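For reference, work.txt is printed below; it contains compact mmCIF, N, CA and C atoms and all ligand atoms.
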```txt
# COMPACT_ATOMS: atom_id res chain seq x y z
N MET A 176 0.85 -1.20 0.00
CA MET A 176 0.00 0.00 0.00
C MET A 176 0.88 1.25 0.00
N GLY A 177 0.71 2.07 -0.98
CA GLY A 177 1.59 3.23 -1.10
C GLY A 177 1.05 4.49 -0.44
N ALA A 178 0.57 4.35 0.76
CA ALA A 178 0.06 5.55 1.42
C ALA A 178 1.22 6.53 1.65
N PHE A 179 1.01 7.72 1.20
CA PHE A 179 2.07 8.72 1.16
C PHE A 179 2.62 9.06 2.55
N PHE A 180 1.72 9.14 3.51
CA PHE A 180 2.11 9.70 4.80
C PHE A 180 2.50 8.65 5.84
N SER A 181 2.38 7.37 5.47
CA SER A 181 2.66 6.39 6.50
C SER A 181 4.08 5.85 6.39
N GLU A 182 5.04 6.75 6.53
CA GLU A 182 6.43 6.30 6.58
C GLU A 182 6.68 5.50 7.84
N ILE A 183 5.89 5.81 8.87
CA ILE A 183 6.04 5.10 10.13
C ILE A 183 4.93 4.07 10.22
N ASP A 184 5.30 2.83 10.18
CA ASP A 184 4.27 1.80 10.25
C ASP A 184 4.07 1.36 11.70
N ASP A 185 3.06 0.52 11.88
CA ASP A 185 2.71 0.08 13.22
C ASP A 185 3.87 -0.59 13.93
N GLU A 186 4.63 -1.36 13.16
CA GLU A 186 5.76 -2.08 13.73
C GLU A 186 6.78 -1.10 14.33
N ALA A 187 7.06 -0.03 13.59
CA ALA A 187 8.01 0.98 14.07
C ALA A 187 7.48 1.67 15.32
N ILE A 188 6.19 1.94 15.33
CA ILE A 188 5.60 2.61 16.50
C ILE A 188 5.69 1.69 17.73
N LYS A 189 5.47 0.42 17.51
CA LYS A 189 5.57 -0.53 18.61
C LYS A 189 6.99 -0.55 19.16
N LYS A 190 7.97 -0.54 18.27
CA LYS A 190 9.38 -0.52 18.70
C LYS A 190 9.68 0.73 19.51
N GLU A 191 9.16 1.85 19.05
CA GLU A 191 9.41 3.10 19.77
C GLU A 191 8.76 3.06 21.15
N LYS A 192 7.60 2.43 21.24
CA LYS A 192 6.94 2.32 22.54
C LYS A 192 7.77 1.49 23.50
N ASP A 193 8.38 0.43 22.99
CA ASP A 193 9.27 -0.38 23.82
C ASP A 193 10.45 0.45 24.29
N LYS A 194 10.99 1.23 23.37
CA LYS A 194 12.14 2.08 23.73
C LYS A 194 11.74 3.10 24.78
N ALA A 195 10.52 3.64 24.64
CA ALA A 195 10.03 4.62 25.61
C ALA A 195 9.98 4.00 27.00
N ARG A 196 9.53 2.76 27.04
CA ARG A 196 9.42 2.07 28.33
C ARG A 196 10.80 1.94 28.97
N ILE A 197 11.78 1.58 28.18
CA ILE A 197 13.14 1.42 28.69
C ILE A 197 13.70 2.76 29.15
N LEU A 198 13.47 3.77 28.32
CA LEU A 198 13.98 5.10 28.64
C LEU A 198 13.36 5.62 29.94
N ARG A 199 12.07 5.34 30.10
CA ARG A 199 11.35 5.82 31.29
C ARG A 199 11.93 5.21 32.56
N LYS A 200 12.52 4.03 32.45
CA LYS A 200 13.09 3.36 33.62
C LYS A 200 14.55 3.72 33.84
N SER A 201 15.12 4.46 32.92
CA SER A 201 16.56 4.69 33.00
C SER A 201 16.93 5.69 34.09
N GLN A 202 18.17 5.59 34.55
CA GLN A 202 18.68 6.53 35.55
C GLN A 202 18.66 7.94 34.99
N TRP A 203 18.98 8.04 33.72
CA TRP A 203 19.00 9.35 33.07
C TRP A 203 17.66 10.04 33.23
N TRP A 204 16.58 9.32 32.93
CA TRP A 204 15.24 9.91 33.01
C TRP A 204 14.87 10.23 34.46
N LYS A 205 15.24 9.35 35.37
CA LYS A 205 14.94 9.60 36.79
C LYS A 205 15.62 10.87 37.28
N ARG A 206 16.86 11.05 36.86
CA ARG A 206 17.59 12.27 37.23
C ARG A 206 16.92 13.49 36.61
N ARG A 207 16.55 13.33 35.36
CA ARG A 207 15.92 14.42 34.61
C ARG A 207 14.63 14.88 35.31
N LYS A 208 13.85 13.88 35.71
CA LYS A 208 12.58 14.17 36.34
C LYS A 208 12.76 14.72 37.75
N SER A 209 13.83 14.31 38.41
CA SER A 209 14.03 14.71 39.80
C SER A 209 14.31 16.20 39.93
N THR A 210 14.66 16.85 38.82
CA THR A 210 14.82 18.31 38.88
C THR A 210 13.46 18.96 39.11
N GLY A 211 12.39 18.27 38.67
CA GLY A 211 11.03 18.76 38.92
C GLY A 211 10.60 19.92 38.07
N VAL A 212 11.39 20.24 37.05
CA VAL A 212 11.07 21.42 36.24
C VAL A 212 10.43 20.99 34.91
N CYS A 213 9.26 21.58 34.63
CA CYS A 213 8.58 21.30 33.36
C CYS A 213 9.34 21.99 32.24
N HIS A 214 9.59 21.25 31.17
CA HIS A 214 10.35 21.79 30.05
C HIS A 214 9.64 22.97 29.40
N TYR A 215 8.31 22.96 29.42
CA TYR A 215 7.56 23.95 28.66
C TYR A 215 7.28 25.23 29.44
N CYS A 216 6.77 25.09 30.68
CA CYS A 216 6.40 26.31 31.42
C CYS A 216 7.47 26.70 32.42
N GLY A 217 8.42 25.80 32.70
CA GLY A 217 9.50 26.12 33.61
C GLY A 217 9.11 26.14 35.08
N GLU A 218 7.87 25.72 35.37
CA GLU A 218 7.42 25.66 36.76
C GLU A 218 8.00 24.42 37.45
N LYS A 219 8.01 24.48 38.77
CA LYS A 219 8.51 23.33 39.54
C LYS A 219 7.35 22.43 39.96
N PHE A 220 7.57 21.14 39.83
CA PHE A 220 6.56 20.17 40.22
C PHE A 220 7.22 19.05 41.01
N LYS A 221 6.37 18.23 41.64
CA LYS A 221 6.90 17.01 42.21
C LYS A 221 7.29 16.09 41.05
N PRO A 222 8.41 15.36 41.20
CA PRO A 222 8.84 14.51 40.08
C PRO A 222 7.74 13.60 39.56
N ASP A 223 6.90 13.07 40.44
CA ASP A 223 5.89 12.13 39.92
C ASP A 223 4.70 12.84 39.26
N GLU A 224 4.73 14.16 39.27
CA GLU A 224 3.70 14.89 38.54
C GLU A 224 4.12 15.18 37.10
N LEU A 225 5.37 14.90 36.82
CA LEU A 225 5.87 15.16 35.46
C LEU A 225 5.74 13.91 34.60
N THR A 226 5.38 14.12 33.36
CA THR A 226 5.28 13.00 32.44
C THR A 226 6.35 13.13 31.36
N MET A 227 6.60 12.01 30.71
CA MET A 227 7.59 12.02 29.64
C MET A 227 6.92 12.50 28.36
N ASP A 228 7.46 13.52 27.78
CA ASP A 228 6.86 14.06 26.56
C ASP A 228 7.88 14.08 25.43
N HIS A 229 7.39 13.89 24.23
CA HIS A 229 8.27 13.91 23.05
C HIS A 229 8.18 15.25 22.35
N LEU A 230 9.30 15.87 22.13
CA LEU A 230 9.32 17.14 21.40
C LEU A 230 8.73 16.93 20.01
N ILE A 231 9.23 15.93 19.32
CA ILE A 231 8.62 15.51 18.06
C ILE A 231 7.84 14.24 18.35
N PRO A 232 6.52 14.27 18.17
CA PRO A 232 5.73 13.07 18.50
C PRO A 232 6.19 11.87 17.67
N ILE A 233 6.08 10.70 18.29
CA ILE A 233 6.47 9.46 17.61
C ILE A 233 5.71 9.32 16.29
N SER A 234 4.44 9.71 16.33
CA SER A 234 3.61 9.57 15.13
C SER A 234 4.07 10.47 13.99
N ARG A 235 4.92 11.44 14.33
CA ARG A 235 5.46 12.32 13.28
C ARG A 235 6.93 12.03 13.01
N GLY A 236 7.39 10.89 13.47
CA GLY A 236 8.75 10.49 13.15
C GLY A 236 9.76 10.77 14.25
N GLY A 237 9.28 11.22 15.41
CA GLY A 237 10.18 11.47 16.54
C GLY A 237 10.70 10.16 17.11
N LYS A 238 11.82 10.26 17.79
CA LYS A 238 12.44 9.06 18.36
C LYS A 238 12.50 9.16 19.87
N ASN A 239 12.62 7.99 20.48
CA ASN A 239 12.82 7.95 21.92
C ASN A 239 14.30 8.04 22.22
N ASN A 240 14.84 9.24 22.16
CA ASN A 240 16.21 9.41 22.58
C ASN A 240 16.29 10.65 23.46
N LYS A 241 17.47 10.84 24.05
CA LYS A 241 17.59 11.90 25.05
C LYS A 241 17.35 13.28 24.47
N GLY A 242 17.54 13.42 23.17
CA GLY A 242 17.32 14.72 22.57
C GLY A 242 15.86 15.03 22.30
N ASN A 243 15.02 14.01 22.34
CA ASN A 243 13.62 14.22 21.95
C ASN A 243 12.65 14.05 23.11
N VAL A 244 13.18 13.75 24.28
CA VAL A 244 12.32 13.46 25.42
C VAL A 244 12.52 14.51 26.51
N VAL A 245 11.42 15.10 26.97
CA VAL A 245 11.51 16.14 27.99
C VAL A 245 10.46 15.89 29.07
N PRO A 246 10.73 16.36 30.30
CA PRO A 246 9.69 16.28 31.32
C PRO A 246 8.65 17.39 31.12
N ALA A 247 7.38 17.01 31.20
CA ALA A 247 6.31 18.00 31.04
C ALA A 247 5.27 17.81 32.13
N CYS A 248 4.72 18.93 32.64
CA CYS A 248 3.67 18.83 33.64
C CYS A 248 2.36 18.47 32.95
N LYS A 249 1.39 18.05 33.74
CA LYS A 249 0.12 17.62 33.15
C LYS A 249 -0.60 18.74 32.41
N PRO A 250 -0.70 19.94 32.99
CA PRO A 250 -1.38 21.02 32.24
C PRO A 250 -0.75 21.26 30.87
N CYS A 251 0.58 21.29 30.81
CA CYS A 251 1.24 21.51 29.51
C CYS A 251 0.96 20.34 28.58
N ASN A 252 1.04 19.15 29.12
CA ASN A 252 0.82 17.96 28.31
C ASN A 252 -0.59 17.96 27.72
N ASN A 253 -1.57 18.30 28.54
CA ASN A 253 -2.95 18.33 28.05
C ASN A 253 -3.13 19.40 26.99
N LYS A 254 -2.53 20.55 27.26
CA LYS A 254 -2.66 21.65 26.32
C LYS A 254 -2.08 21.26 24.97
N LYS A 255 -0.92 20.63 25.05
CA LYS A 255 -0.25 20.21 23.82
C LYS A 255 -1.12 19.23 23.02
N LYS A 256 -1.86 18.40 23.75
CA LYS A 256 -2.68 17.39 23.09
C LYS A 256 -3.84 18.01 22.33
N TYR A 257 -4.46 19.04 22.90
CA TYR A 257 -5.65 19.54 22.22
C TYR A 257 -5.35 20.65 21.22
N LEU A 258 -4.16 21.22 21.30
CA LEU A 258 -3.79 22.21 20.28
C LEU A 258 -3.23 21.50 19.04
N LEU A 259 -3.41 22.15 17.89
CA LEU A 259 -2.72 21.66 16.70
C LEU A 259 -1.23 21.91 16.87
N PRO A 260 -0.39 21.06 16.24
CA PRO A 260 1.06 21.27 16.40
C PRO A 260 1.48 22.71 16.12
N ILE A 261 0.89 23.30 15.11
CA ILE A 261 1.28 24.67 14.74
C ILE A 261 0.86 25.67 15.82
N GLU A 262 -0.30 25.42 16.43
CA GLU A 262 -0.77 26.31 17.51
C GLU A 262 0.12 26.18 18.75
N TRP A 263 0.52 24.95 19.02
CA TRP A 263 1.39 24.70 20.17
C TRP A 263 2.74 25.38 19.96
N GLU A 264 3.23 25.32 18.72
CA GLU A 264 4.52 25.95 18.45
C GLU A 264 4.45 27.46 18.64
N SER A 265 3.33 28.06 18.22
CA SER A 265 3.24 29.52 18.40
C SER A 265 3.04 29.86 19.87
N GLU A 266 2.38 28.97 20.60
CA GLU A 266 2.25 29.15 22.06
C GLU A 266 3.64 29.17 22.71
N LEU A 267 4.49 28.22 22.33
CA LEU A 267 5.84 28.17 22.89
C LEU A 267 6.65 29.39 22.48
N ALA A 268 6.49 29.80 21.25
CA ALA A 268 7.23 30.97 20.76
C ALA A 268 6.84 32.21 21.55
N SER A 269 5.55 32.35 21.83
CA SER A 269 5.13 33.55 22.56
C SER A 269 5.65 33.51 24.00
N ARG A 270 5.78 32.30 24.55
CA ARG A 270 6.36 32.21 25.90
C ARG A 270 7.82 32.61 25.90
N ASP A 271 8.52 32.19 24.87
CA ASP A 271 9.94 32.58 24.75
C ASP A 271 10.07 34.09 24.72
N GLU A 272 9.19 34.71 23.96
CA GLU A 272 9.20 36.16 23.87
C GLU A 272 9.05 36.78 25.26
N GLU A 273 8.10 36.26 26.03
CA GLU A 273 7.86 36.79 27.37
C GLU A 273 9.08 36.62 28.25
N ASN A 274 9.76 35.50 28.12
CA ASN A 274 10.93 35.24 28.94
C ASN A 274 12.07 36.20 28.63
N LYS A 275 12.12 36.66 27.38
CA LYS A 275 13.22 37.53 26.98
C LYS A 275 13.06 38.94 27.54
N ARG A 276 11.79 39.32 27.77
CA ARG A 276 11.54 40.68 28.24
C ARG A 276 12.05 40.92 29.65
ZN ZN A 301 4.37 22.87 32.27
```
Rewrite the structure of this file - the entire thing - as structure tokens.
Amino acid sequence: MGAFFSEIDDEAIKKEKDKARILRKSQWWKRRKSTGVCHYCGEKFKPDELTMDHLIPISRGGKNNKGNVVPACKPCNNKKKYLLPIEWESELASRDEENKR
């Protein structure tokens, strides 16, 4: 089947999910989470309130590696889910602007 957009098949997604599970258990991730800082809003949380989030979603070709995985708080995670990727990006950009002021 030559579906144009399905470069990532189910098998690849399953592999990435396995990798995510391993990464989530790693010392690296535990240390990362123990800082308690959400990557997106910069607020402090309890480590167990932070979830593992992918900068580039797996469904869009993102990988489970240290460069693509960040701790995110639940409000940010939920917001990211219901916004379109482009809306989320402009949301982040506007936050950066505020931080620079
Ligand atoms: Zn946040």
What are the closest atom pairs, with distances in Å to one decimal, for each residue of chain A lying within 6.5 Å of ligand ZN 301 (chain A), using only N, CA and C atoms and all ligand atoms, rows by chain and rising residue number, as JSON lines?
```
{"residue": "A:Cys213", "atom": "CA", "partner": "A:ZN301", "partner_atom": "ZN", "distance": 4.6}
{"residue": "A:His214", "atom": "N", "partner": "A:ZN301", "partner_atom": "ZN", "distance": 5.6}
{"residue": "A:Tyr215", "atom": "C", "partner": "A:ZN301", "partner_atom": "ZN", "distance": 4.7}
{"residue": "A:Cys216", "atom": "N", "partner": "A:ZN301", "partner_atom": "ZN", "distance": 3.6}
{"residue": "A:Gly217", "atom": "N", "partner": "A:ZN301", "partner_atom": "ZN", "distance": 5.0}
{"residue": "A:Glu218", "atom": "N", "partner": "A:ZN301", "partner_atom": "ZN", "distance": 5.5}
{"residue": "A:Ala247", "atom": "C", "partner": "A:ZN301", "partner_atom": "ZN", "distance": 5.1}
{"residue": "A:Cys248", "atom": "N", "partner": "A:ZN301", "partner_atom": "ZN", "distance": 4.0}
{"residue": "A:Lys249", "atom": "N", "partner": "A:ZN301", "partner_atom": "ZN", "distance": 5.9}
{"residue": "A:Pro250", "atom": "C", "partner": "A:ZN301", "partner_atom": "ZN", "distance": 5.5}
{"residue": "A:Cys251", "atom": "N", "partner": "A:ZN301", "partner_atom": "ZN", "distance": 4.4}
{"residue": "A:Asn252", "atom": "N", "partner": "A:ZN301", "partner_atom": "ZN", "distance": 5.9}
```
Since we have the selection now, will you write its residues out, keeping N, CA and C atoms, as an mmCIF file, in the frame of the given file?
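So the final result, stored in result-v2.cif, reads:
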```cif
data_model
loop_
_atom_site.group_PDB
_atom_site.id
_atom_site.type_symbol
_atom_site.label_atom_id
_atom_site.label_comp_id
_atom_site.auth_asym_id
_atom_site.auth_seq_id
_atom_site.Cartn_x
_atom_site.Cartn_y
_atom_site.Cartn_z
ATOM 1 N N CYS A 213 9.260 21.580 34.630
ATOM 2 C CA CYS A 213 8.580 21.300 33.360
ATOM 3 C C CYS A 213 9.340 21.990 32.240
ATOM 4 N N HIS A 214 9.590 21.250 31.170
ATOM 5 C CA HIS A 214 10.350 21.790 30.050
ATOM 6 C C HIS A 214 9.640 22.970 29.400
ATOM 7 N N TYR A 215 8.310 22.960 29.420
ATOM 8 C CA TYR A 215 7.560 23.950 28.660
ATOM 9 C C TYR A 215 7.280 25.230 29.440
ATOM 10 N N CYS A 216 6.770 25.090 30.680
ATOM 11 C CA CYS A 216 6.400 26.310 31.420
ATOM 12 C C CYS A 216 7.470 26.700 32.420
ATOM 13 N N GLY A 217 8.420 25.800 32.700
ATOM 14 C CA GLY A 217 9.500 26.120 33.610
ATOM 15 C C GLY A 217 9.110 26.140 35.080
ATOM 16 N N GLU A 218 7.870 25.720 35.370
ATOM 17 C CA GLU A 218 7.420 25.660 36.760
ATOM 18 C C GLU A 218 8.000 24.420 37.450
ATOM 19 N N ALA A 247 7.380 17.010 31.200
ATOM 20 C CA ALA A 247 6.310 18.000 31.040
ATOM 21 C C ALA A 247 5.270 17.810 32.130
ATOM 22 N N CYS A 248 4.720 18.930 32.640
ATOM 23 C CA CYS A 248 3.670 18.830 33.640
ATOM 24 C C CYS A 248 2.360 18.470 32.950
ATOM 25 N N LYS A 249 1.390 18.050 33.740
ATOM 26 C CA LYS A 249 0.120 17.620 33.150
ATOM 27 C C LYS A 249 -0.600 18.740 32.410
ATOM 28 N N PRO A 250 -0.700 19.940 32.990
ATOM 29 C CA PRO A 250 -1.380 21.020 32.240
ATOM 30 C C PRO A 250 -0.750 21.260 30.870
ATOM 31 N N CYS A 251 0.580 21.290 30.810
ATOM 32 C CA CYS A 251 1.240 21.510 29.510
ATOM 33 C C CYS A 251 0.960 20.340 28.580
ATOM 34 N N ASN A 252 1.040 19.150 29.120
ATOM 35 C CA ASN A 252 0.820 17.960 28.310
ATOM 36 C C ASN A 252 -0.590 17.960 27.720
#
```
For atom CA of A:Asp223 and atom N of A:Val244, determine how far apart the two atoms are, in Å to one decimal place. 17.3 Å
Might you pull out every residue within 8 Å of A:Leu230, with all atoms listed in the file counted and same-chain residues fewer than 6 positions away left off, and present them as an MDAnalysis selection string? chainID A and resid 237:238 242:245
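The gap separating atom CA of A:Arg235 from atom N of A:Asp185 is 12.1 Å, in Å to one decimal.
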Would you mind telling me which residue in A:Leu259, A:Asp193, A:Lys208, A:Gln202 lies nearest to A:Phe220 when using all atoms listed in the file? A:Lys208
Between atom C of A:Asn274 and atom CA of A:Leu258, what is the distance, to one decimal in Å? 22.7 Å
Using backbone DSSP assignments, extract all strand (DSSP E or B) residues from stretch 233-266 of chain A; output them as a ChimeraX atom specification. /A:244-248
Can you write out the residues you just picked, keeping N, CA and C atoms, as a PDB file, in the frame of the given file?
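Dumped everything to selection_26.pdb:
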```pdb
ATOM      1  N   VAL A 244      13.180  13.750  24.280  1.00  0.00           N
ATOM      2  CA  VAL A 244      12.320  13.460  25.420  1.00  0.00           C
ATOM      3  C   VAL A 244      12.520  14.510  26.510  1.00  0.00           C
ATOM      4  N   VAL A 245      11.420  15.100  26.970  1.00  0.00           N
ATOM      5  CA  VAL A 245      11.510  16.140  27.990  1.00  0.00           C
ATOM      6  C   VAL A 245      10.460  15.890  29.070  1.00  0.00           C
ATOM      7  N   PRO A 246      10.730  16.360  30.300  1.00  0.00           N
ATOM      8  CA  PRO A 246       9.690  16.280  31.320  1.00  0.00           C
ATOM      9  C   PRO A 246       8.650  17.390  31.120  1.00  0.00           C
ATOM     10  N   ALA A 247       7.380  17.010  31.200  1.00  0.00           N
ATOM     11  CA  ALA A 247       6.310  18.000  31.040  1.00  0.00           C
ATOM     12  C   ALA A 247       5.270  17.810  32.130  1.00  0.00           C
ATOM     13  N   CYS A 248       4.720  18.930  32.640  1.00  0.00           N
ATOM     14  CA  CYS A 248       3.670  18.830  33.640  1.00  0.00           C
ATOM     15  C   CYS A 248       2.360  18.470  32.950  1.00  0.00           C
TER      16      CYS A 248
END
```
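Using only N, CA and C atoms, the smallest distance between any of A:Glu262, A:Glu273, A:Thr210, A:Ala195 and A:Asn240 comes from A:Ala195.
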Could you tell me which of A:Lys241, A:Trp263, A:Ile197, A:Ser269 comes closest to A:His229 if we count only C-alpha atoms?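 Closest to A:His229 of all the choices is A:Lys241.
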Nearest to A:Ala187: which of A:Asp271, A:Lys221, A:Ile233, A:Met227 is it, counting all atoms listed in the file? A:Ile233
Among chain A, which ones does DSSP place in alpha helix (DSSP H), written as an MDAnalysis selection string? chainID A and resid 185:200 202:209 249:257 260:275
